[in-house]
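Everything below belongs to target.txt, which stores compact mmCIF, C-alpha atoms.
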```txt
# COMPACT_ATOMS: atom_id res chain seq x y z
CA MET Y 1 19.05 -20.49 20.97
CA ALA Y 2 20.24 -16.91 20.30
CA PHE Y 3 17.70 -16.14 17.62
CA ASP Y 4 18.85 -12.68 16.58
CA ALA Y 5 22.48 -13.81 16.44
CA ASP Y 6 21.85 -16.36 13.71
CA SER Y 7 18.28 -16.26 12.44
CA HIS Y 8 19.10 -18.28 9.33
CA ALA Y 9 20.42 -21.15 11.44
CA ALA Y 10 17.40 -20.90 13.72
CA LEU Y 11 14.99 -21.10 10.79
CA ALA Y 12 16.90 -24.08 9.44
CA ALA Y 13 16.42 -25.74 12.82
CA LEU Y 14 12.69 -24.97 12.74
CA ILE Y 15 12.41 -26.53 9.28
CA ASP Y 16 14.27 -29.58 10.60
CA TYR Y 17 11.86 -29.83 13.54
CA ALA Y 18 8.98 -29.82 11.06
CA LYS Y 19 10.61 -32.59 9.02
CA LYS Y 20 11.12 -34.72 12.14
CA ALA Y 21 7.46 -34.16 13.02
CA GLY Y 22 6.45 -35.60 9.65
CA ALA Y 23 6.29 -32.66 7.23
CA ASP Y 24 7.14 -33.33 3.59
CA ALA Y 25 8.13 -29.68 3.08
CA SER Y 26 7.96 -26.41 4.99
CA GLU Y 27 8.78 -22.72 5.04
CA ALA Y 28 9.79 -20.68 8.07
CA SER Y 29 10.07 -16.95 8.70
CA TYR Y 30 11.16 -14.57 11.39
CA ALA Y 31 9.78 -11.05 11.76
CA ALA Y 32 10.96 -8.36 14.14
CA ARG Y 33 9.66 -4.83 14.50
CA GLU Y 34 10.49 -1.92 16.76
CA SER Y 35 8.62 1.36 16.63
CA ILE Y 36 8.28 4.59 18.53
CA SER Y 37 5.50 7.11 17.96
CA ALA Y 38 4.59 10.46 19.48
CA GLU Y 39 1.20 12.16 19.16
CA VAL Y 40 0.31 15.71 20.11
CA ARG Y 41 -2.81 17.83 20.08
CA MET Y 42 -2.83 21.60 20.46
CA GLY Y 43 0.81 21.52 21.46
CA GLU Y 44 0.35 19.03 24.28
CA LEU Y 45 1.46 15.41 24.42
CA GLU Y 46 -1.43 13.08 23.63
CA GLY Y 47 0.43 9.80 23.67
CA MET Y 48 3.79 8.14 23.34
CA GLU Y 49 4.05 4.50 22.32
CA ARG Y 50 6.93 2.11 21.98
CA GLU Y 51 6.40 -1.33 20.46
CA GLU Y 52 8.78 -4.26 20.19
CA ALA Y 53 7.62 -7.50 18.61
CA ARG Y 54 9.37 -10.64 17.46
CA SER Y 55 7.76 -13.76 16.12
CA VAL Y 56 8.51 -16.88 14.14
CA ALA Y 57 6.11 -18.60 11.73
CA LEU Y 58 5.96 -21.96 10.04
CA ARG Y 59 3.93 -23.36 7.13
CA ALA Y 60 4.10 -27.14 6.83
CA PHE Y 61 2.97 -29.47 4.03
CA LEU Y 62 1.93 -33.10 4.14
CA GLY Y 63 1.20 -34.06 0.56
CA LYS Y 64 -1.48 -31.63 -0.54
CA ARG Y 65 -2.43 -30.64 2.98
CA GLN Y 66 -1.04 -27.54 4.65
CA ALA Y 67 -1.24 -25.59 7.87
CA ALA Y 68 0.46 -22.49 9.20
CA ALA Y 69 0.98 -20.98 12.63
CA SER Y 70 3.15 -18.42 14.37
CA SER Y 71 4.57 -17.94 17.84
CA THR Y 72 6.36 -15.34 19.94
CA ASP Y 73 8.14 -18.08 21.90
CA LEU Y 74 11.55 -18.12 20.23
CA SER Y 75 13.15 -20.67 22.53
CA THR Y 76 14.27 -24.04 21.20
CA LYS Y 77 11.36 -25.73 22.99
CA GLY Y 78 8.93 -23.10 21.72
CA MET Y 79 9.95 -23.64 18.11
CA ARG Y 80 9.90 -27.43 18.47
CA ASP Y 81 6.39 -27.18 19.89
CA LEU Y 82 5.39 -24.87 17.03
CA ALA Y 83 6.65 -27.40 14.49
CA GLU Y 84 4.81 -30.31 16.08
CA ARG Y 85 1.61 -28.30 16.44
CA THR Y 86 1.69 -27.05 12.86
CA VAL Y 87 2.35 -30.49 11.38
CA ALA Y 88 -0.51 -31.94 13.45
CA MET Y 89 -2.80 -29.22 12.08
CA ALA Y 90 -1.69 -30.01 8.52
CA ARG Y 91 -2.42 -33.70 9.06
CA ALA Y 92 -6.03 -32.81 9.88
CA ALA Y 93 -6.45 -30.16 7.15
CA PRO Y 94 -8.44 -30.71 3.92
CA GLU Y 95 -6.51 -31.26 0.73
CA ASP Y 96 -5.63 -28.29 -1.46
CA LYS Y 97 -4.36 -29.47 -4.82
CA PHE Y 98 -2.74 -26.10 -5.55
CA CYS Y 99 -0.75 -25.68 -2.34
CA GLY Y 100 2.97 -26.25 -2.03
CA LEU Y 101 6.30 -24.47 -1.95
CA LEU Y 102 7.42 -22.38 -4.87
CA ASP Y 103 9.48 -24.52 -7.24
CA GLU Y 104 13.16 -23.81 -6.65
CA ARG Y 105 13.77 -22.87 -10.29
CA TYR Y 106 11.89 -19.62 -9.58
CA HIS Y 107 13.97 -18.71 -6.49
CA ALA Y 108 15.80 -15.42 -6.31
CA LYS Y 109 19.51 -16.16 -6.58
CA GLY Y 110 22.77 -14.36 -6.02
CA ALA Y 111 23.72 -11.65 -3.58
CA ALA Y 112 21.05 -9.28 -2.35
CA PRO Y 113 21.30 -5.85 -4.06
CA ASP Y 114 21.63 -2.74 -1.92
CA LEU Y 115 18.20 -1.15 -2.28
CA GLU Y 116 18.88 1.37 0.53
CA GLN Y 117 15.91 0.27 2.59
CA SER Y 118 17.48 0.71 6.01
CA ASP Y 119 18.74 3.92 7.60
CA THR Y 120 20.93 4.20 10.69
CA ALA Y 121 18.99 7.17 12.15
CA ARG Y 122 17.20 6.36 15.40
CA PRO Y 123 15.31 9.45 16.57
CA ASN Y 124 14.51 9.26 20.26
CA PRO Y 125 11.07 9.93 21.74
CA GLU Y 126 11.95 13.52 22.57
CA GLN Y 127 13.00 14.22 18.97
CA LEU Y 128 9.78 12.70 17.61
CA LEU Y 129 7.72 14.70 20.06
CA GLU Y 130 9.45 17.90 18.98
CA LEU Y 131 8.85 17.12 15.29
CA ALA Y 132 5.16 16.46 15.91
CA LYS Y 133 4.80 19.71 17.87
CA ARG Y 134 6.54 21.78 15.19
CA CYS Y 135 4.44 20.20 12.45
CA GLU Y 136 1.15 20.88 14.22
CA ALA Y 137 2.24 24.40 15.22
CA ALA Y 138 2.98 25.26 11.60
CA SER Y 139 -0.54 24.23 10.61
CA LEU Y 140 -2.10 26.20 13.48
CA ALA Y 141 -0.24 29.31 12.30
CA ILE Y 142 -2.24 29.39 9.06
CA PRO Y 143 -5.12 31.93 9.13
CA GLY Y 144 -8.45 30.15 9.54
CA ILE Y 145 -7.06 27.21 11.47
CA ALA Y 146 -8.53 27.20 14.95
CA ASN Y 147 -8.13 23.65 16.14
CA SER Y 148 -6.37 20.39 15.49
CA SER Y 149 -7.12 16.70 15.40
CA GLY Y 150 -3.48 16.16 16.23
CA GLY Y 151 -0.04 15.67 14.81
CA GLY Y 152 2.25 12.70 14.94
CA ALA Y 153 5.74 11.43 14.22
CA SER Y 154 7.00 7.86 14.21
CA SER Y 155 10.10 5.77 13.61
CA GLU Y 156 10.10 2.08 12.77
CA THR Y 157 12.71 -0.59 12.08
CA SER Y 158 11.83 -4.07 10.83
CA THR Y 159 13.57 -7.28 9.83
CA PHE Y 160 12.21 -10.24 7.88
CA VAL Y 161 14.07 -13.50 7.37
CA TYR Y 162 12.65 -16.32 5.23
CA ALA Y 163 13.77 -19.88 4.48
CA THR Y 164 12.29 -22.94 2.78
CA SER Y 165 13.03 -26.64 2.95
CA ASN Y 166 13.85 -26.64 -0.79
CA GLY Y 167 16.78 -24.32 -0.42
CA PHE Y 168 15.84 -20.65 -0.36
CA GLU Y 169 17.22 -18.25 2.24
CA GLY Y 170 16.72 -14.50 2.24
CA ALA Y 171 16.60 -11.55 4.61
CA GLU Y 172 15.48 -7.93 4.40
CA SER Y 173 15.72 -5.02 6.82
CA SER Y 174 14.00 -1.67 6.50
CA THR Y 175 13.25 1.57 8.27
CA ALA Y 176 10.30 3.93 7.94
CA TYR Y 177 9.83 7.44 9.32
CA SER Y 178 6.48 9.25 9.23
CA LEU Y 179 5.35 12.77 10.04
CA GLY Y 180 1.99 14.48 9.60
CA THR Y 181 -0.83 16.53 11.04
CA GLN Y 182 -4.58 17.04 10.65
CA PRO Y 183 -5.69 20.60 11.40
CA VAL Y 184 -9.29 21.81 11.78
CA ALA Y 185 -10.64 25.00 10.25
CA GLU Y 186 -13.67 26.61 11.91
CA LYS Y 187 -15.92 29.48 10.91
CA ASP Y 188 -19.32 30.13 12.47
CA ASP Y 189 -20.87 26.64 12.74
CA GLU Y 190 -18.76 25.21 9.95
CA MET Y 191 -15.87 22.85 10.53
CA GLU Y 192 -13.49 21.34 7.98
CA ARG Y 193 -10.55 18.95 8.24
CA ASP Y 194 -7.68 18.07 5.95
CA TYR Y 195 -4.22 16.64 6.43
CA GLU Y 196 -0.71 16.27 5.13
CA TRP Y 197 1.74 13.44 5.85
CA ARG Y 198 4.91 11.88 4.54
CA THR Y 199 6.65 8.54 5.04
CA LYS Y 200 10.24 7.90 3.96
CA ARG Y 201 12.79 5.12 4.29
CA PHE Y 202 15.52 7.59 5.28
CA PHE Y 203 14.99 10.08 8.07
CA ALA Y 204 16.80 12.88 6.26
CA ASP Y 205 14.47 12.53 3.27
CA LEU Y 206 11.43 13.70 5.24
CA PRO Y 207 10.28 17.24 4.41
CA SER Y 208 10.61 19.70 7.26
CA PRO Y 209 7.80 19.67 9.84
CA GLU Y 210 7.12 23.32 9.00
CA GLU Y 211 6.54 22.47 5.34
CA ILE Y 212 4.21 19.57 6.12
CA GLY Y 213 2.29 21.64 8.66
CA ARG Y 214 1.98 24.61 6.30
CA ILE Y 215 0.59 22.45 3.50
CA ALA Y 216 -1.88 20.81 5.89
CA GLY Y 217 -3.05 24.15 7.23
CA GLU Y 218 -3.44 25.80 3.84
CA ARG Y 219 -5.36 22.84 2.45
CA THR Y 220 -7.71 22.83 5.42
CA ALA Y 221 -8.36 26.57 5.46
CA ARG Y 222 -9.29 26.52 1.75
CA ARG Y 223 -12.11 24.07 2.48
CA LEU Y 224 -14.16 26.57 4.50
CA GLY Y 225 -17.33 27.68 2.73
CA ALA Y 226 -18.03 24.32 1.11
CA LYS Y 227 -21.26 23.95 -0.86
CA LYS Y 228 -23.13 21.19 -2.59
CA VAL Y 229 -23.53 21.16 -6.36
CA ALA Y 230 -26.41 20.05 -8.51
CA SER Y 231 -26.49 16.47 -9.75
CA GLN Y 232 -25.03 16.42 -13.25
CA LYS Y 233 -22.40 14.96 -15.52
CA ALA Y 234 -19.16 16.91 -15.71
CA SER Y 235 -15.40 16.53 -15.83
CA VAL Y 236 -13.95 15.16 -12.61
CA ILE Y 237 -10.27 15.51 -11.72
CA PHE Y 238 -8.84 13.28 -8.99
CA GLU Y 239 -5.93 15.02 -7.28
CA ASN Y 240 -2.67 13.10 -7.50
CA ARG Y 241 -2.30 12.34 -3.80
CA LEU Y 242 -5.53 10.30 -3.82
CA ALA Y 243 -5.73 9.28 -7.48
CA GLY Y 244 -4.32 5.88 -6.54
CA ARG Y 245 -7.68 5.03 -4.99
CA ILE Y 246 -9.18 5.03 -8.48
CA LEU Y 247 -6.62 2.46 -9.57
CA SER Y 248 -6.69 0.25 -6.47
CA PRO Y 249 -9.53 -1.85 -8.00
CA LEU Y 250 -7.23 -2.44 -10.99
CA PHE Y 251 -4.58 -4.01 -8.76
CA SER Y 252 -7.22 -6.05 -6.94
CA GLY Y 253 -8.78 -7.05 -10.25
CA ILE Y 254 -5.57 -8.37 -11.83
CA SER Y 255 -4.67 -10.35 -8.71
CA GLY Y 256 -4.49 -14.03 -9.57
CA ALA Y 257 -6.52 -14.86 -6.48
CA ALA Y 258 -9.50 -12.79 -7.69
CA VAL Y 259 -9.15 -14.04 -11.25
CA ALA Y 260 -8.95 -17.70 -10.16
CA ARG Y 261 -12.09 -17.29 -8.04
CA GLY Y 262 -13.87 -15.52 -10.88
CA VAL Y 263 -14.67 -12.50 -8.72
CA SER Y 264 -12.91 -9.82 -10.78
CA PHE Y 265 -14.53 -7.45 -13.24
CA LEU Y 266 -11.27 -7.78 -15.20
CA LYS Y 267 -11.18 -11.60 -15.27
CA ASP Y 268 -11.64 -11.80 -19.06
CA LYS Y 269 -9.58 -8.69 -19.93
CA LEU Y 270 -6.04 -10.08 -20.13
CA GLY Y 271 -4.42 -8.85 -23.34
CA GLN Y 272 -7.27 -6.42 -23.98
CA ARG Y 273 -7.29 -2.63 -24.01
CA VAL Y 274 -9.06 -1.48 -20.84
CA PHE Y 275 -7.53 1.98 -20.52
CA ALA Y 276 -7.13 4.72 -23.10
CA PRO Y 277 -4.27 4.36 -25.62
CA GLY Y 278 -0.99 5.49 -24.07
CA PHE Y 279 -1.98 4.66 -20.50
CA ARG Y 280 0.86 2.79 -18.77
CA VAL Y 281 1.49 1.31 -15.33
CA HIS Y 282 5.02 0.08 -14.73
CA GLU Y 283 6.36 -1.85 -11.75
CA ASP Y 284 9.95 -1.75 -10.52
CA PRO Y 285 10.99 -3.52 -7.30
CA PHE Y 286 14.59 -2.29 -7.46
CA VAL Y 287 14.22 1.47 -6.84
CA LYS Y 288 16.56 2.62 -4.09
CA ARG Y 289 14.89 4.08 -0.98
CA ALA Y 290 11.40 3.41 -2.37
CA MET Y 291 8.73 2.07 -0.04
CA GLY Y 292 7.88 -1.01 -2.12
CA SER Y 293 11.36 -2.23 -3.05
CA ARG Y 294 12.45 -5.83 -2.45
CA TRP Y 295 14.73 -8.43 -4.01
CA PHE Y 296 12.55 -11.49 -3.36
CA ASP Y 297 8.83 -11.96 -2.84
CA GLY Y 298 6.97 -13.61 0.02
CA GLU Y 299 7.74 -17.10 -1.30
CA GLY Y 300 11.38 -16.48 -2.22
CA SER Y 301 10.66 -15.84 -5.89
CA ALA Y 302 12.88 -13.65 -8.02
CA VAL Y 303 11.23 -10.32 -8.80
CA ARG Y 304 11.61 -8.16 -11.88
CA ALA Y 305 10.49 -4.92 -13.43
CA ALA Y 306 7.33 -5.36 -15.49
CA THR Y 307 4.67 -3.31 -17.24
CA LEU Y 308 1.23 -4.22 -15.89
CA VAL Y 309 -0.67 -1.99 -18.30
CA ASP Y 310 0.95 -1.07 -21.60
CA ASP Y 311 -0.70 1.34 -24.04
CA GLY Y 312 -3.98 0.73 -22.19
CA VAL Y 313 -3.69 -3.08 -22.44
CA ILE Y 314 -3.58 -5.33 -19.36
CA THR Y 315 -0.50 -7.47 -19.90
CA MET Y 316 -0.40 -9.83 -16.91
CA TRP Y 317 -1.99 -11.18 -13.77
CA THR Y 318 -0.08 -10.80 -10.52
CA LEU Y 319 0.58 -14.31 -9.24
CA ASN Y 320 1.95 -16.32 -6.37
CA ALA Y 321 2.71 -20.05 -6.64
CA SER Y 322 -0.79 -21.24 -5.71
CA THR Y 323 -2.72 -18.96 -8.06
CA ALA Y 324 -0.24 -19.66 -10.86
CA ARG Y 325 -1.02 -23.36 -10.52
CA GLN Y 326 -4.75 -22.68 -10.54
CA LEU Y 327 -4.49 -20.63 -13.72
CA GLY Y 328 -1.93 -22.81 -15.47
CA LEU Y 329 0.64 -20.00 -15.54
CA GLU Y 330 4.09 -19.39 -14.10
CA PRO Y 331 4.49 -17.45 -10.83
CA ASN Y 332 5.83 -13.95 -11.40
CA GLY Y 333 7.14 -12.65 -8.08
CA HIS Y 334 4.02 -11.13 -6.54
CA ALA Y 335 3.59 -13.23 -3.39
CA SER Y 336 3.22 -11.38 -0.13
CA ALA Y 337 4.68 -12.94 3.00
CA GLY Y 338 2.18 -15.10 4.85
CA HIS Y 339 4.07 -15.27 8.19
CA GLY Y 340 1.55 -17.46 9.94
CA GLY Y 341 -0.71 -18.12 6.97
CA PRO Y 342 -0.58 -18.82 3.23
CA PRO Y 343 1.00 -16.05 1.14
CA GLY Y 344 -1.18 -13.42 -0.46
CA ILE Y 345 -0.55 -11.28 -3.53
CA THR Y 346 1.02 -7.84 -3.63
CA SER Y 347 3.03 -5.55 -5.87
CA SER Y 348 6.16 -3.45 -5.40
CA ASN Y 349 6.76 0.12 -6.61
CA LEU Y 350 4.22 1.24 -9.20
CA PHE Y 351 4.57 4.11 -11.65
CA VAL Y 352 1.75 5.59 -13.72
CA LYS Y 353 3.07 7.30 -16.83
CA PRO Y 354 2.39 11.05 -16.65
CA GLY Y 355 0.59 12.88 -19.41
CA GLU Y 356 0.70 16.46 -20.62
CA GLY Y 357 -0.11 19.43 -18.43
CA ASP Y 358 -0.07 20.06 -14.70
CA LEU Y 359 -3.20 20.32 -12.54
CA PRO Y 360 -4.03 23.93 -13.54
CA ALA Y 361 -3.67 22.89 -17.20
CA LEU Y 362 -6.11 20.00 -16.67
CA MET Y 363 -8.62 22.41 -15.13
CA ARG Y 364 -8.22 24.92 -17.96
CA GLY Y 365 -8.65 22.20 -20.55
CA ALA Y 366 -11.79 20.86 -18.89
CA GLY Y 367 -13.33 24.33 -18.48
CA LYS Y 368 -15.59 23.40 -15.57
CA GLY Y 369 -16.05 20.44 -13.30
CA LEU Y 370 -15.11 18.96 -9.95
CA LEU Y 371 -11.61 18.70 -8.49
CA VAL Y 372 -11.66 15.87 -5.92
CA THR Y 373 -9.26 16.29 -3.00
CA ASP Y 374 -10.84 13.87 -0.52
CA MET Y 375 -12.69 10.57 -0.83
CA PHE Y 376 -14.57 8.43 1.66
CA SER Y 377 -16.91 5.42 1.90
CA PRO Y 378 -16.21 3.85 -1.51
CA SER Y 379 -18.57 1.17 -2.78
CA LEU Y 380 -17.43 -1.35 -5.40
CA ASN Y 381 -19.00 -4.43 -6.95
CA MET Y 382 -15.89 -6.44 -7.86
CA ASN Y 383 -17.88 -8.66 -10.23
CA THR Y 384 -19.28 -5.82 -12.36
CA GLY Y 385 -17.00 -2.84 -11.68
CA ASP Y 386 -19.88 -0.61 -10.58
CA TRP Y 387 -18.34 2.00 -8.30
CA SER Y 388 -19.32 5.04 -6.26
CA VAL Y 389 -17.58 7.15 -3.63
CA GLY Y 390 -18.29 10.16 -1.46
CA VAL Y 391 -16.01 13.08 -2.27
CA ALA Y 392 -15.07 16.61 -1.31
CA GLY Y 393 -13.04 19.14 -3.22
CA TYR Y 394 -13.59 22.23 -5.39
CA TRP Y 395 -15.92 23.22 -8.17
CA PHE Y 396 -14.00 24.97 -10.93
CA GLU Y 397 -15.12 27.07 -13.87
CA SER Y 398 -13.02 28.63 -16.63
CA GLY Y 399 -10.15 26.60 -15.21
CA GLU Y 400 -10.28 28.31 -11.80
CA ALA Y 401 -11.57 27.04 -8.45
CA VAL Y 402 -14.86 28.80 -7.62
CA HIS Y 403 -15.77 27.32 -4.23
CA PRO Y 404 -15.20 24.25 -2.06
CA VAL Y 405 -17.58 21.32 -2.46
CA SER Y 406 -18.68 18.68 0.05
CA GLU Y 407 -21.35 16.03 0.51
CA VAL Y 408 -21.40 14.82 -3.10
CA THR Y 409 -20.71 11.50 -4.76
CA VAL Y 410 -19.23 10.42 -8.06
CA ALA Y 411 -20.21 7.12 -9.63
CA GLY Y 412 -19.84 4.99 -12.71
CA ASN Y 413 -18.62 1.67 -14.04
CA LEU Y 414 -14.87 1.32 -13.74
CA LEU Y 415 -14.50 -0.23 -17.18
CA ASP Y 416 -16.09 2.91 -18.63
CA ILE Y 417 -14.07 5.17 -16.31
CA PHE Y 418 -10.76 3.43 -17.04
CA ALA Y 419 -11.35 3.72 -20.77
CA ARG Y 420 -11.65 7.50 -20.43
CA LEU Y 421 -8.95 8.23 -17.83
CA ARG Y 422 -6.35 10.80 -18.85
CA CYS Y 423 -3.21 11.63 -16.91
CA GLY Y 424 -1.78 14.96 -15.86
CA ALA Y 425 1.92 15.64 -15.43
CA ASP Y 426 1.94 16.43 -11.69
CA LEU Y 427 3.42 13.31 -10.11
CA ASP Y 428 2.96 12.46 -6.43
CA ASN Y 429 5.15 9.72 -4.99
CA ARG Y 430 4.02 9.17 -1.42
CA GLY Y 431 3.91 5.48 -0.55
CA SER Y 432 4.85 2.94 -3.21
CA LEU Y 433 2.73 4.47 -6.01
CA GLU Y 434 3.89 7.35 -8.20
CA ILE Y 435 0.87 8.83 -9.96
CA PRO Y 436 -0.33 12.10 -11.51
CA SER Y 437 -3.74 13.68 -11.19
CA LEU Y 438 -6.34 11.83 -13.28
CA ILE Y 439 -9.26 13.32 -15.20
CA VAL Y 440 -12.46 11.68 -16.44
CA ASP Y 441 -14.83 13.65 -18.65
CA ASP Y 442 -18.60 13.37 -18.36
CA LEU Y 443 -18.70 11.51 -15.04
CA ALA Y 444 -21.88 11.32 -12.96
CA ILE Y 445 -21.89 13.63 -9.95
CA GLY Y 446 -24.58 13.15 -7.30
CA GLY Y 447 -25.40 16.36 -5.45
CA VAL Y 448 -28.64 18.20 -4.67
```
Rewrite the structure from the file as structure tokens, please.
Amino acid sequence: MAFDADSHAALAALIDYAKKAGADASEASYAARESISAEVRMGELEGMEREEARSVALRAFLGKRQAAASSTDLSTKGMRDLAERTVAMARAAPEDKFCGLLDERYHAKGAAPDLEQSDTARPNPEQLLELAKRCEAASLAIPGIANSSGGGASSETSTFVYATSNGFEGAESSTAYSLGTQPVAEKDDEMERDYEWRTKRFFADLPSPEEIGRIAGERTARRLGAKKVASQKASVIFENRLAGRILSPLFSGISGAAVARGVSFLKDKLGQRVFAPGFRVHEDPFVKRAMGSRWFDGEGSAVRAATLVDDGVITMWTLNASTARQLGLEPNGHASAGHGGPPGITSSNLFVKPGEGDLPALMRGAGKGLLVTDMFSPSLNMNTGDWSVGVAGYWFESGEAVHPVSEVTVAGNLLDIFARLRCGADLDNRGSLEIPSLIVDDLAIGGV
């Protein structure tokens, strides 16, 4: 069977094989990915990789029993064997009263919109190598930069096709191009690292390698001379490019899977104000060229724009079919593709409403405190919301950076932190999250 020539017909055949093997219902998917990456260090080639992968997956249901498996054997015999094996696994599986296909009334319908997810550019290995070299060279040209942990450029194309026995068929193709570098600044016995990177759906949308390298080099050089600070409570500003890490527990906490298991610190907060008045997180899956755009979710559900947090109030759980059944709610288009397993839960493009004032204005308003530009080793109790993280950045006074800071931690309970978060106006849109810098007054800082 020529799989790439007619993947929809091939998936229909796989579903038919599952039915003949005894399945009551099934879903099938096909995933293909091709990528090329080039890595350099100090101007020399460190590695060049090319990856090509194709696989097919099946999830089969017998009553309230299910099993899933995947295979890279795309021949007719390979898919027939996959169907028989998966159905046999389902026959031996324990019952799950919440499993099953998404009800067809929730399916995405109509023609797929053009979300501009796939570019025609196909940079060759030599072009990627040249981009990586130029990016790293631009960082090494910054005074204070003496070394490099490397630079890299990559190009990826992917295709996903999905079909169910109750009538859904959908396909998506996308491209992604990445470029970045991680320089090293050295002075005496001191060594500091930082980075800059970008990923875009369209090759022409990437910033120039010289711009990315310059930003990486300047950020790294500024970190030389880092000091510790005394343990205290002070204003803490989380720079926009990492501020999403403060909100990642929110998205985990409103996941229907966590709520259904009772392992979320937000499990009783639906419809309640958790953030400060005015705080808003909006989701839109239909933004052209955005990294998180899609027209159907991992179970074939229609997706829609929604406000997850409105005026500080949590408005919804993110649900797939299984968690919706557990919670007695309707699915809302947040299933991630299982492709060899049950679907998970995910979101699309997220937008945090900006506030007033750019980063310098936030620093001036706070007077003194800690500007966090790097975070590592976070610790979170998902049941209570107790949170701590190692950070590096800059101590500022009178609204101006005084010196770099390293080897400190910030900690608190996320319910308390969320209630006091305020947003700047300096939006960063790398990845699928657009977010400004965030400030929390009177946060515990662990230093010397």
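Restricting the calculation to only C-alpha atoms, the smallest distance between Y:Asp189 and any of Y:Ile254, Y:Arg33, Y:Gly225, Y:Pro207 is found for Y:Gly225.
Each of Y:Asn413, Y:Ser165, Y:Ser248, Y:Ser173 was compared to Y:Ile435 using all atoms listed in the file, and Y:Ser248 turns out to be the nearest.
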Can you list every residue of stretch 240-298 of chain Y that has an atom at most 7 Å from stretch 303-313 of chain Y, with its nearest atom pair and the distance in Å to one decimal, using only C-alpha atoms, ordered by chain then number, as CSV?
```
residue,atom,partner,partner_atom,distance
Y:Gly271,CA,Y:Val313,CA,5.9
Y:Gln272,CA,Y:Val313,CA,5.1
Y:Arg273,CA,Y:Val313,CA,4.0
Y:Val274,CA,Y:Gly312,CA,5.7
Y:Phe275,CA,Y:Gly312,CA,4.1
Y:Ala276,CA,Y:Gly312,CA,5.2
Y:Pro277,CA,Y:Asp311,CA,4.9
Y:Gly278,CA,Y:Asp311,CA,4.2
Y:Phe279,CA,Y:Gly312,CA,4.7
Y:Arg280,CA,Y:Asp310,CA,4.8
Y:Val281,CA,Y:Val309,CA,4.9
Y:His282,CA,Y:Thr307,CA,4.2
Y:Glu283,CA,Y:Ala306,CA,5.2
Y:Asp284,CA,Y:Ala305,CA,4.3
Y:Pro285,CA,Y:Ala305,CA,6.3
Y:Trp295,CA,Y:Val303,CA,6.2
Y:Phe296,CA,Y:Val303,CA,5.7
Y:Asp297,CA,Y:Val303,CA,6.6
```
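Distances from Y:Ser293, Y:Ser71, Y:Thr86, Y:Ser252 to Y:Gly22 were compared using all atoms listed in the file, and the smallest one belongs to Y:Thr86.
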Selected residue of minimal separation from Y:Arg193 among Y:Ala221, Y:Val440, Y:Ile36, Y:Ala69, counting all atoms listed in the file: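 Between Y:Ala221, Y:Val440, Y:Ile36, Y:Ala69, the residue approaching Y:Arg193 most closely is Y:Ala221.
You will find atom CA of Y:Val402 at 17.1 Å from atom CA of Y:Ser231.
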One-decimal distance in Å that lies between atom CA of Y:Arg430 and atom CA of Y:Thr175: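 That distance, rounded to one decimal, is 15.4 Å.
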Neighbour list for Y:Arg85 as a VMD selection string, cut-off 9 Å, all atoms listed in the file, skip fewer than 5 positions in-chain: chain Y and resid 21 69 80 90
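Residues in contact with Y:Gly431 at up to 10 Å, not including ones fewer than 5 positions away on its chain and judged by all atoms listed in the file, are Arg198, Thr199, Lys200, Arg241, Ala290, Met291, Gly292, Asn349 and Leu350 of chain Y.
Among the candidate residues Y:Trp197, Y:Phe160, Y:Phe396, Y:Phe202, the one lying nearest to Y:Pro123 is Y:Phe202, with distances computed using all atoms listed in the file.
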Atomic distance atom CA of Y:Asn147 - atom CA of Y:Ala185, expressed in Å with one decimal: 6.5 Å
Distance criterion (all atoms listed in the file): nearest to Y:His339 out of Y:Met42, Y:Val161, Y:Ala153, Y:Leu140: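 Distance minimum relative to Y:His339 lands on Y:Val161.
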Per residue of stretch 400-424 of chain Y within 8 Å of stretch 380-395 of chain Y, record the nearest atom pair and its distance in Å to one decimal, counting only C-alpha atoms, with rows in chain order and ascending residue number, as JSON lines.
```
{"residue": "Y:Ala401", "atom": "CA", "partner": "Y:Trp395", "partner_atom": "CA", "distance": 5.8}
{"residue": "Y:Val402", "atom": "CA", "partner": "Y:Trp395", "partner_atom": "CA", "distance": 5.7}
{"residue": "Y:His403", "atom": "CA", "partner": "Y:Tyr394", "partner_atom": "CA", "distance": 5.7}
{"residue": "Y:Pro404", "atom": "CA", "partner": "Y:Tyr394", "partner_atom": "CA", "distance": 4.2}
{"residue": "Y:Val405", "atom": "CA", "partner": "Y:Tyr394", "partner_atom": "CA", "distance": 5.0}
{"residue": "Y:Ser406", "atom": "CA", "partner": "Y:Ala392", "partner_atom": "CA", "distance": 4.4}
{"residue": "Y:Glu407", "atom": "CA", "partner": "Y:Ala392", "partner_atom": "CA", "distance": 6.6}
{"residue": "Y:Val408", "atom": "CA", "partner": "Y:Val391", "partner_atom": "CA", "distance": 5.7}
{"residue": "Y:Thr409", "atom": "CA", "partner": "Y:Gly390", "partner_atom": "CA", "distance": 4.3}
{"residue": "Y:Val410", "atom": "CA", "partner": "Y:Ser388", "partner_atom": "CA", "distance": 5.7}
{"residue": "Y:Ala411", "atom": "CA", "partner": "Y:Ser388", "partner_atom": "CA", "distance": 4.1}
{"residue": "Y:Gly412", "atom": "CA", "partner": "Y:Trp387", "partner_atom": "CA", "distance": 5.5}
{"residue": "Y:Asn413", "atom": "CA", "partner": "Y:Asp386", "partner_atom": "CA", "distance": 4.3}
{"residue": "Y:Leu414", "atom": "CA", "partner": "Y:Gly385", "partner_atom": "CA", "distance": 5.1}
{"residue": "Y:Leu415", "atom": "CA", "partner": "Y:Gly385", "partner_atom": "CA", "distance": 6.6}
```
